[in-house]
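Shown here: structure-v8.pdb, PDB, N, CA and C atoms.
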ATOM      1  N   MET A   1     -21.821   5.523   4.312
ATOM      2  CA  MET A   1     -20.466   5.090   4.042
ATOM      3  C   MET A   1     -20.488   3.867   3.140
ATOM      4  N   LYS A   2     -19.467   3.780   2.310
ATOM      5  CA  LYS A   2     -19.309   2.662   1.393
ATOM      6  C   LYS A   2     -18.047   1.899   1.769
ATOM      7  N   TYR A   3     -17.903   0.720   1.210
ATOM      8  CA  TYR A   3     -16.764  -0.142   1.513
ATOM      9  C   TYR A   3     -15.961  -0.359   0.236
ATOM     10  N   PHE A   4     -14.620  -0.315   0.373
ATOM     11  CA  PHE A   4     -13.750  -0.401  -0.794
ATOM     12  C   PHE A   4     -12.579  -1.339  -0.556
ATOM     13  N   GLN A   5     -12.200  -2.023  -1.624
ATOM     14  CA  GLN A   5     -10.946  -2.763  -1.688
ATOM     15  C   GLN A   5     -10.017  -1.896  -2.529
ATOM     16  N   VAL A   6      -8.873  -1.509  -1.970
ATOM     17  CA  VAL A   6      -7.958  -0.601  -2.654
ATOM     18  C   VAL A   6      -6.603  -1.286  -2.811
ATOM     19  N   MET A   7      -6.172  -1.480  -4.054
ATOM     20  CA  MET A   7      -4.852  -2.043  -4.312
ATOM     21  C   MET A   7      -3.911  -0.885  -4.633
ATOM     22  N   LEU A   8      -2.788  -0.862  -3.915
ATOM     23  CA  LEU A   8      -1.801   0.192  -4.082
ATOM     24  C   LEU A   8      -0.487  -0.385  -4.579
ATOM     25  N   GLU A   9       0.252   0.439  -5.300
ATOM     26  CA  GLU A   9       1.590   0.084  -5.754
ATOM     27  C   GLU A   9       2.576   1.081  -5.165
ATOM     28  N   GLY A  10       3.582   0.559  -4.502
ATOM     29  CA  GLY A  10       4.659   1.391  -3.978
ATOM     30  C   GLY A  10       5.879   1.238  -4.867
ATOM     31  N   ARG A  11       6.619   2.321  -5.051
ATOM     32  CA  ARG A  11       7.840   2.280  -5.866
ATOM     33  C   ARG A  11       8.941   3.071  -5.167
ATOM     34  N   ASN A  12      10.176   2.674  -5.442
ATOM     35  CA  ASN A  12      11.368   3.376  -4.930
ATOM     36  C   ASN A  12      11.534   3.263  -3.421
ATOM     37  N   PHE A  13      11.268   2.105  -2.870
ATOM     38  CA  PHE A  13      11.487   1.873  -1.451
ATOM     39  C   PHE A  13      12.830   1.176  -1.291
ATOM     40  N   LEU A  14      13.776   1.836  -0.627
ATOM     41  CA  LEU A  14      15.105   1.295  -0.396
ATOM     42  C   LEU A  14      15.050   0.458   0.876
ATOM     43  N   ILE A  15      15.171  -0.861   0.714
ATOM     44  CA  ILE A  15      14.977  -1.795   1.825
ATOM     45  C   ILE A  15      16.173  -2.728   1.913
ATOM     46  N   GLU A  16      16.626  -2.982   3.139
ATOM     47  CA  GLU A  16      17.738  -3.896   3.346
ATOM     48  C   GLU A  16      17.238  -5.334   3.278
ATOM     49  N   VAL A  17      17.863  -6.107   2.370
ATOM     50  CA  VAL A  17      17.524  -7.512   2.192
ATOM     51  C   VAL A  17      18.823  -8.305   2.268
ATOM     52  N   ASP A  18      18.931  -9.212   3.220
ATOM     53  CA  ASP A  18      20.131 -10.032   3.403
ATOM     54  C   ASP A  18      21.394  -9.177   3.507
ATOM     55  N   GLY A  19      21.308  -8.088   4.259
ATOM     56  CA  GLY A  19      22.467  -7.229   4.495
ATOM     57  C   GLY A  19      22.809  -6.279   3.367
ATOM     58  N   LYS A  20      21.997  -6.252   2.319
ATOM     59  CA  LYS A  20      22.270  -5.381   1.165
ATOM     60  C   LYS A  20      21.025  -4.545   0.886
ATOM     61  N   GLU A  21      21.216  -3.244   0.653
ATOM     62  CA  GLU A  21      20.087  -2.374   0.335
ATOM     63  C   GLU A  21      19.661  -2.579  -1.113
ATOM     64  N   GLU A  22      18.357  -2.763  -1.299
ATOM     65  CA  GLU A  22      17.807  -2.959  -2.634
ATOM     66  C   GLU A  22      16.656  -1.995  -2.859
ATOM     67  N   LEU A  23      16.519  -1.528  -4.081
ATOM     68  CA  LEU A  23      15.403  -0.670  -4.465
ATOM     69  C   LEU A  23      14.248  -1.585  -4.860
ATOM     70  N   LEU A  24      13.152  -1.494  -4.101
ATOM     71  CA  LEU A  24      12.021  -2.397  -4.309
ATOM     72  C   LEU A  24      10.729  -1.632  -4.528
ATOM     73  N   GLY A  25       9.801  -2.313  -5.142
ATOM     74  CA  GLY A  25       8.431  -1.856  -5.250
ATOM     75  C   GLY A  25       7.563  -2.898  -4.576
ATOM     76  N   TYR A  26       6.288  -2.612  -4.429
ATOM     77  CA  TYR A  26       5.377  -3.585  -3.835
ATOM     78  C   TYR A  26       3.955  -3.349  -4.313
ATOM     79  N   PHE A  27       3.149  -4.373  -4.144
ATOM     80  CA  PHE A  27       1.704  -4.270  -4.268
ATOM     81  C   PHE A  27       1.121  -4.653  -2.926
ATOM     82  N   THR A  28       0.061  -3.987  -2.529
ATOM     83  CA  THR A  28      -0.621  -4.303  -1.291
ATOM     84  C   THR A  28      -2.086  -3.930  -1.425
ATOM     85  N   THR A  29      -2.919  -4.597  -0.655
ATOM     86  CA  THR A  29      -4.353  -4.321  -0.680
ATOM     87  C   THR A  29      -4.807  -3.870   0.696
ATOM     88  N   ARG A  30      -5.612  -2.832   0.724
ATOM     89  CA  ARG A  30      -6.207  -2.354   1.970
ATOM     90  C   ARG A  30      -7.706  -2.240   1.770
ATOM     91  N   TRP A  31      -8.433  -2.496   2.845
ATOM     92  CA  TRP A  31      -9.893  -2.465   2.848
ATOM     93  C   TRP A  31     -10.319  -1.287   3.706
ATOM     94  N   VAL A  32     -11.071  -0.361   3.132
ATOM     95  CA  VAL A  32     -11.440   0.852   3.863
ATOM     96  C   VAL A  32     -12.923   1.168   3.721
ATOM     97  N   LYS A  33     -13.410   1.895   4.694
ATOM     98  CA  LYS A  33     -14.763   2.411   4.705
ATOM     99  C   LYS A  33     -14.643   3.905   4.434
ATOM    100  N   ALA A  34     -15.330   4.400   3.397
ATOM    101  CA  ALA A  34     -15.165   5.793   3.001
ATOM    102  C   ALA A  34     -16.432   6.315   2.332
ATOM    103  N   SER A  35     -16.527   7.633   2.252
ATOM    104  CA  SER A  35     -17.700   8.264   1.649
ATOM    105  C   SER A  35     -17.615   8.339   0.123
ATOM    106  N   SER A  36     -16.396   8.203  -0.432
ATOM    107  CA  SER A  36     -16.221   8.303  -1.885
ATOM    108  C   SER A  36     -14.965   7.537  -2.286
ATOM    109  N   PRO A  37     -14.798   7.247  -3.583
ATOM    110  CA  PRO A  37     -13.560   6.606  -4.032
ATOM    111  C   PRO A  37     -12.317   7.440  -3.721
ATOM    112  N   GLU A  38     -12.427   8.745  -3.839
ATOM    113  CA  GLU A  38     -11.288   9.615  -3.542
ATOM    114  C   GLU A  38     -10.886   9.502  -2.075
ATOM    115  N   ASP A  39     -11.889   9.509  -1.197
ATOM    116  CA  ASP A  39     -11.642   9.369   0.238
ATOM    117  C   ASP A  39     -11.067   7.980   0.545
ATOM    118  N   ALA A  40     -11.530   6.956  -0.151
ATOM    119  CA  ALA A  40     -11.018   5.599   0.041
ATOM    120  C   ALA A  40      -9.533   5.526  -0.314
ATOM    121  N   GLU A  41      -9.148   6.158  -1.415
ATOM    122  CA  GLU A  41      -7.737   6.171  -1.812
ATOM    123  C   GLU A  41      -6.891   6.848  -0.739
ATOM    124  N   LEU A  42      -7.334   8.008  -0.264
ATOM    125  CA  LEU A  42      -6.586   8.733   0.766
ATOM    126  C   LEU A  42      -6.448   7.921   2.050
ATOM    127  N   LYS A  43      -7.531   7.254   2.452
ATOM    128  CA  LYS A  43      -7.483   6.444   3.675
ATOM    129  C   LYS A  43      -6.543   5.256   3.520
ATOM    130  N   ALA A  44      -6.560   4.605   2.360
ATOM    131  CA  ALA A  44      -5.682   3.459   2.126
ATOM    132  C   ALA A  44      -4.212   3.886   2.125
ATOM    133  N   VAL A  45      -3.900   4.991   1.469
ATOM    134  CA  VAL A  45      -2.526   5.499   1.449
ATOM    135  C   VAL A  45      -2.086   5.877   2.862
ATOM    136  N   ASP A  46      -2.977   6.464   3.636
ATOM    137  CA  ASP A  46      -2.654   6.832   5.011
ATOM    138  C   ASP A  46      -2.320   5.592   5.848
ATOM    139  N   LEU A  47      -3.022   4.496   5.641
ATOM    140  CA  LEU A  47      -2.710   3.256   6.352
ATOM    141  C   LEU A  47      -1.283   2.804   6.050
ATOM    142  N   ILE A  48      -0.872   2.929   4.793
ATOM    143  CA  ILE A  48       0.482   2.538   4.400
ATOM    144  C   ILE A  48       1.508   3.481   5.028
ATOM    145  N   LYS A  49       1.240   4.770   4.972
ATOM    146  CA  LYS A  49       2.188   5.750   5.518
ATOM    147  C   LYS A  49       2.372   5.611   7.025
ATOM    148  N   ARG A  50       1.396   5.019   7.708
ATOM    149  CA  ARG A  50       1.486   4.842   9.155
ATOM    150  C   ARG A  50       1.897   3.416   9.553
ATOM    151  N   ASP A  51       2.255   2.591   8.583
ATOM    152  CA  ASP A  51       2.641   1.206   8.867
ATOM    153  C   ASP A  51       4.055   1.182   9.447
ATOM    154  N   ASP A  52       4.145   0.984  10.759
ATOM    155  CA  ASP A  52       5.443   1.018  11.443
ATOM    156  C   ASP A  52       6.423  -0.009  10.887
ATOM    157  N   HIS A  53       5.942  -1.171  10.514
ATOM    158  CA  HIS A  53       6.830  -2.206   9.980
ATOM    159  C   HIS A  53       7.491  -1.734   8.680
ATOM    160  N   LEU A  54       6.710  -1.168   7.772
ATOM    161  CA  LEU A  54       7.259  -0.668   6.508
ATOM    162  C   LEU A  54       8.196   0.511   6.763
ATOM    163  N   ILE A  55       7.811   1.401   7.660
ATOM    164  CA  ILE A  55       8.642   2.565   7.980
ATOM    165  C   ILE A  55       9.996   2.128   8.514
ATOM    166  N   CYS A  56      10.013   1.159   9.417
ATOM    167  CA  CYS A  56      11.265   0.706  10.043
ATOM    168  C   CYS A  56      12.213   0.042   9.049
ATOM    169  N   MET A  57      11.675  -0.651   8.059
ATOM    170  CA  MET A  57      12.566  -1.357   7.140
ATOM    171  C   MET A  57      12.943  -0.537   5.906
ATOM    172  N   THR A  58      12.326   0.620   5.721
ATOM    173  CA  THR A  58      12.631   1.468   4.566
ATOM    174  C   THR A  58      13.722   2.468   4.932
ATOM    175  N   LYS A  59      14.797   2.474   4.149
ATOM    176  CA  LYS A  59      15.974   3.301   4.442
ATOM    177  C   LYS A  59      15.879   4.717   3.887
ATOM    178  N   ASN A  60      14.950   5.006   2.982
ATOM    179  CA  ASN A  60      14.881   6.339   2.369
ATOM    180  C   ASN A  60      13.583   7.064   2.702
ATOM    181  N   MET A  61      13.055   6.859   3.902
ATOM    182  CA  MET A  61      11.841   7.560   4.323
ATOM    183  C   MET A  61      12.151   8.964   4.851
ATOM    184  N   ASP A  62      13.420   9.314   4.922
ATOM    185  CA  ASP A  62      13.831  10.602   5.481
ATOM    186  C   ASP A  62      13.914  11.709   4.432
ATOM    187  N   GLY A  63      13.427  11.432   3.227
ATOM    188  CA  GLY A  63      13.468  12.443   2.174
ATOM    189  C   GLY A  63      14.634  12.275   1.225
ATOM    190  N   SER A  64      15.494  11.270   1.463
ATOM    191  CA  SER A  64      16.623  11.049   0.563
ATOM    192  C   SER A  64      16.133  10.416  -0.744
ATOM    193  N   GLU A  65      16.968  10.518  -1.764
ATOM    194  CA  GLU A  65      16.603  10.005  -3.096
ATOM    195  C   GLU A  65      16.853   8.511  -3.178
ATOM    196  N   PRO A  66      16.135   7.771  -3.987
ATOM    197  CA  PRO A  66      14.934   8.218  -4.687
ATOM    198  C   PRO A  66      13.751   8.315  -3.725
ATOM    199  N   THR A  67      12.816   9.152  -4.048
ATOM    200  CA  THR A  67      11.665   9.379  -3.182
ATOM    201  C   THR A  67      10.677   8.221  -3.297
ATOM    202  N   PRO A  68      10.313   7.593  -2.166
ATOM    203  CA  PRO A  68       9.300   6.542  -2.219
ATOM    204  C   PRO A  68       7.947   7.134  -2.649
ATOM    205  N   MET A  69       7.243   6.412  -3.497
ATOM    206  CA  MET A  69       5.956   6.878  -4.013
ATOM    207  C   MET A  69       4.919   5.764  -3.851
ATOM    208  N   ILE A  70       3.660   6.167  -3.651
ATOM    209  CA  ILE A  70       2.552   5.222  -3.553
ATOM    210  C   ILE A  70       1.500   5.642  -4.578
ATOM    211  N   TYR A  71       1.073   4.672  -5.399
ATOM    212  CA  TYR A  71       0.107   4.930  -6.464
ATOM    213  C   TYR A  71      -1.115   4.031  -6.307
ATOM    214  N   LEU A  72      -2.253   4.531  -6.721
ATOM    215  CA  LEU A  72      -3.456   3.712  -6.791
ATOM    216  C   LEU A  72      -3.318   2.780  -7.987
ATOM    217  N   SER A  73      -3.484   1.492  -7.753
ATOM    218  CA  SER A  73      -3.411   0.517  -8.829
ATOM    219  C   SER A  73      -4.816   0.101  -9.267
ATOM    220  N   GLU A  74      -5.648  -0.292  -8.304
ATOM    221  CA  GLU A  74      -7.024  -0.681  -8.590
ATOM    222  C   GLU A  74      -7.896  -0.375  -7.384
ATOM    223  N   MET A  75      -9.180  -0.218  -7.633
ATOM    224  CA  MET A  75     -10.127  -0.015  -6.540
ATOM    225  C   MET A  75     -11.461  -0.615  -6.956
ATOM    226  N   ARG A  76     -12.129  -1.206  -5.977
ATOM    227  CA  ARG A  76     -13.479  -1.681  -6.270
ATOM    228  C   ARG A  76     -14.355  -1.544  -5.043
ATOM    229  N   HIS A  77     -15.620  -1.307  -5.313
ATOM    230  CA  HIS A  77     -16.623  -1.204  -4.265
ATOM    231  C   HIS A  77     -16.955  -2.630  -3.835
ATOM    232  N   VAL A  78     -17.030  -2.890  -2.524
ATOM    233  CA  VAL A  78     -17.357  -4.221  -2.020
ATOM    234  C   VAL A  78     -18.542  -4.116  -1.068
ATOM    235  N   ASN A  79     -19.166  -5.251  -0.785
ATOM    236  CA  ASN A  79     -20.279  -5.231   0.154
ATOM    237  C   ASN A  79     -19.756  -5.269   1.592
ATOM    238  N   TRP A  80     -20.601  -4.986   2.539
ATOM    239  CA  TRP A  80     -20.184  -4.872   3.941
ATOM    240  C   TRP A  80     -19.629  -6.181   4.481
ATOM    241  N   PHE A  81     -20.154  -7.318   4.019
ATOM    242  CA  PHE A  81     -19.696  -8.599   4.528
ATOM    243  C   PHE A  81     -18.248  -8.876   4.129
ATOM    244  N   GLU A  82     -17.938  -8.620   2.867
ATOM    245  CA  GLU A  82     -16.563  -8.820   2.391
ATOM    246  C   GLU A  82     -15.608  -7.883   3.123
ATOM    247  N   TYR A  83     -16.016  -6.654   3.336
ATOM    248  CA  TYR A  83     -15.192  -5.682   4.066
ATOM    249  C   TYR A  83     -14.888  -6.192   5.477
ATOM    250  N   TYR A  84     -15.897  -6.616   6.207
ATOM    251  CA  TYR A  84     -15.688  -7.048   7.591
ATOM    252  C   TYR A  84     -14.884  -8.337   7.687
ATOM    253  N   ARG A  85     -14.953  -9.171   6.672
ATOM    254  CA  ARG A  85     -14.143 -10.395   6.658
ATOM    255  C   ARG A  85     -12.662 -10.100   6.475
ATOM    256  N   ARG A  86     -12.332  -9.036   5.772
ATOM    257  CA  ARG A  86     -10.946  -8.813   5.351
ATOM    258  C   ARG A  86     -10.269  -7.580   5.936
ATOM    259  N   LYS A  87     -10.998  -6.665   6.535
ATOM    260  CA  LYS A  87     -10.420  -5.391   6.944
ATOM    261  C   LYS A  87      -9.283  -5.560   7.925
ATOM    262  N   PRO A  88      -8.322  -4.681   8.066
ATOM    263  CA  PRO A  88      -8.006  -3.607   7.121
ATOM    264  C   PRO A  88      -7.067  -4.072   6.021
ATOM    265  N   GLY A  89      -6.482  -5.267   6.174
ATOM    266  CA  GLY A  89      -5.503  -5.760   5.215
ATOM    267  C   GLY A  89      -4.104  -5.506   5.741
ATOM    268  N   LYS A  90      -3.175  -6.329   5.315
ATOM    269  CA  LYS A  90      -1.783  -6.142   5.721
ATOM    270  C   LYS A  90      -0.896  -6.902   4.755
ATOM    271  N   GLY A  91       0.377  -6.681   4.881
ATOM    272  CA  GLY A  91       1.340  -7.383   4.061
ATOM    273  C   GLY A  91       1.627  -6.684   2.743
ATOM    274  N   TYR A  92       2.718  -7.128   2.131
ATOM    275  CA  TYR A  92       3.205  -6.532   0.894
ATOM    276  C   TYR A  92       3.769  -7.632   0.009
ATOM    277  N   SER A  93       3.607  -7.489  -1.290
ATOM    278  CA  SER A  93       4.263  -8.358  -2.265
ATOM    279  C   SER A  93       5.326  -7.510  -2.942
ATOM    280  N   PHE A  94       6.578  -7.728  -2.557
ATOM    281  CA  PHE A  94       7.689  -6.910  -3.052
ATOM    282  C   PHE A  94       8.218  -7.429  -4.377
ATOM    283  N   PHE A  95       8.756  -6.512  -5.183
ATOM    284  CA  PHE A  95       9.419  -6.858  -6.432
ATOM    285  C   PHE A  95      10.593  -5.906  -6.641
ATOM    286  N   PRO A  96      11.668  -6.385  -7.293
ATOM    287  CA  PRO A  96      12.830  -5.519  -7.537
ATOM    288  C   PRO A  96      12.523  -4.482  -8.606
ATOM    289  N   ILE A  97      13.148  -3.325  -8.458
ATOM    290  CA  ILE A  97      13.001  -2.260  -9.455
ATOM    291  C   ILE A  97      14.335  -2.118 -10.172
ATOM    292  N   ASP A  98      14.293  -2.182 -11.475
ATOM    293  CA  ASP A  98      15.468  -1.965 -12.301
ATOM    294  C   ASP A  98      15.832  -0.491 -12.192
ATOM    295  N   ASN A  99      17.100  -0.190 -11.968
ATOM    296  CA  ASN A  99      17.536   1.205 -11.796
ATOM    297  C   ASN A  99      17.168   2.089 -12.988
ATOM    298  N   SER A 100      17.008   1.516 -14.167
ATOM    299  CA  SER A 100      16.635   2.324 -15.333
ATOM    300  C   SER A 100      15.159   2.734 -15.289
ATOM    301  N   GLU A 101      14.353   2.076 -14.427
ATOM    302  CA  GLU A 101      12.933   2.415 -14.303
ATOM    303  C   GLU A 101      12.705   3.629 -13.454
ATOM    304  N   SER A 102      13.555   3.891 -12.459
ATOM    305  CA  SER A 102      13.290   4.943 -11.477
ATOM    306  C   SER A 102      13.698   6.310 -11.891
TER     307      SER A 102
END
Would you encode the structure as structure tokens?
Amino acid sequence: MKYFQVMLEGRNFLIEVDGKEELLGYFTTRWVKASSPEDAELKAVDLIKRDDHLICMTKNMDGSEPTPMIYLSEMRHVNWFEYYRRKPGKGYSFFPIDNSES
């Protein structure tokens, strides 16, 4: 098994902020142990899809438009020490999405 740092970008997440729904994107990093880069990407995305906090605050997870999407932004192989110091990762850096982008 290898260790990976996986940065993901989320887009089209409808989230309530100060009582108003806003279309947001985010960047987040997850640290995973996987047999290949492809497997690392799948494991990192799965961590996001199972994040109860993100699920609870997202208003369009029920299949309504626009569809939330998760993309691989960057990935790098890391050594075991860095992985164990940081795993699995949490949190999100949100940014507004201009309606003309979606």
Counting only N, CA and C atoms, what is within 5 Å of stretch 18-33 of chain A, bar same-chain residues fewer than 3 positions away, as a PyMOL selection string?
chain A and resi 2-15+88-89+92-97
Write down as JSON, numbers by chain the residues of chain A whose backbone DSSP state falls under strand (DSSP E).
-> {"A": [2, 3, 4, 5, 6, 7, 8, 9, 10, 11, 12, 13, 14, 15, 16, 17, 20, 21, 22, 23, 24, 25, 26, 27, 28, 29, 30, 31, 32, 33, 34, 69, 70, 71, 72, 73, 74, 75, 76, 77, 78, 93, 94, 95, 96]}
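Here the DSSP assignment of alpha helix (DSSP H), based on backbone atoms, applies within chain A to Pro37, Glu38, Asp39, Ala40, Glu41, Leu42, Lys43, Ala44, Val45, Asp46, Leu47, Ile48, Lys49, Asp52, His53, Leu54, Ile55, Cys56, Met57, Trp80, Phe81, Glu82, Tyr83, Tyr84, Arg85 and Arg86 of chain A.
Each of A:Asp98, A:Glu16, A:Met1, A:Ala44 was checked against A:Asn60 using only C-alpha atoms; the smallest atom-to-atom distance is that of A:Glu16.
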Pairwise distance, atom N of A:Arg76 with atom C of A:Glu41, equals 10.9 Å
As a check of understanding: the span from atom CA of A:Asp39 to atom CA of A:Phe81 is 20.2 Å
Is it possible to get the axis-aligned box enclosing stretch 58-71 of chain A (all listed atoms, 3 Å extra per side) as lines of an AutoDock Vina configuration file, with centre and edge lengths in Å rounded to one decimal?
center_x = 7.9
center_y = 6.5
center_z = -0.4
size_x = 24.1
size_y = 17.8
size_z = 18.2
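In this model, the gap between atom CA of A:His77 and atom C of A:Asp46 comes to 18.8 Å.
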Shortest contact to A:Ile70, candidates A:Cys56, A:Ala40, A:Ala34, A:Val45, atoms counted all atoms listed in the file, goes to A:Val45
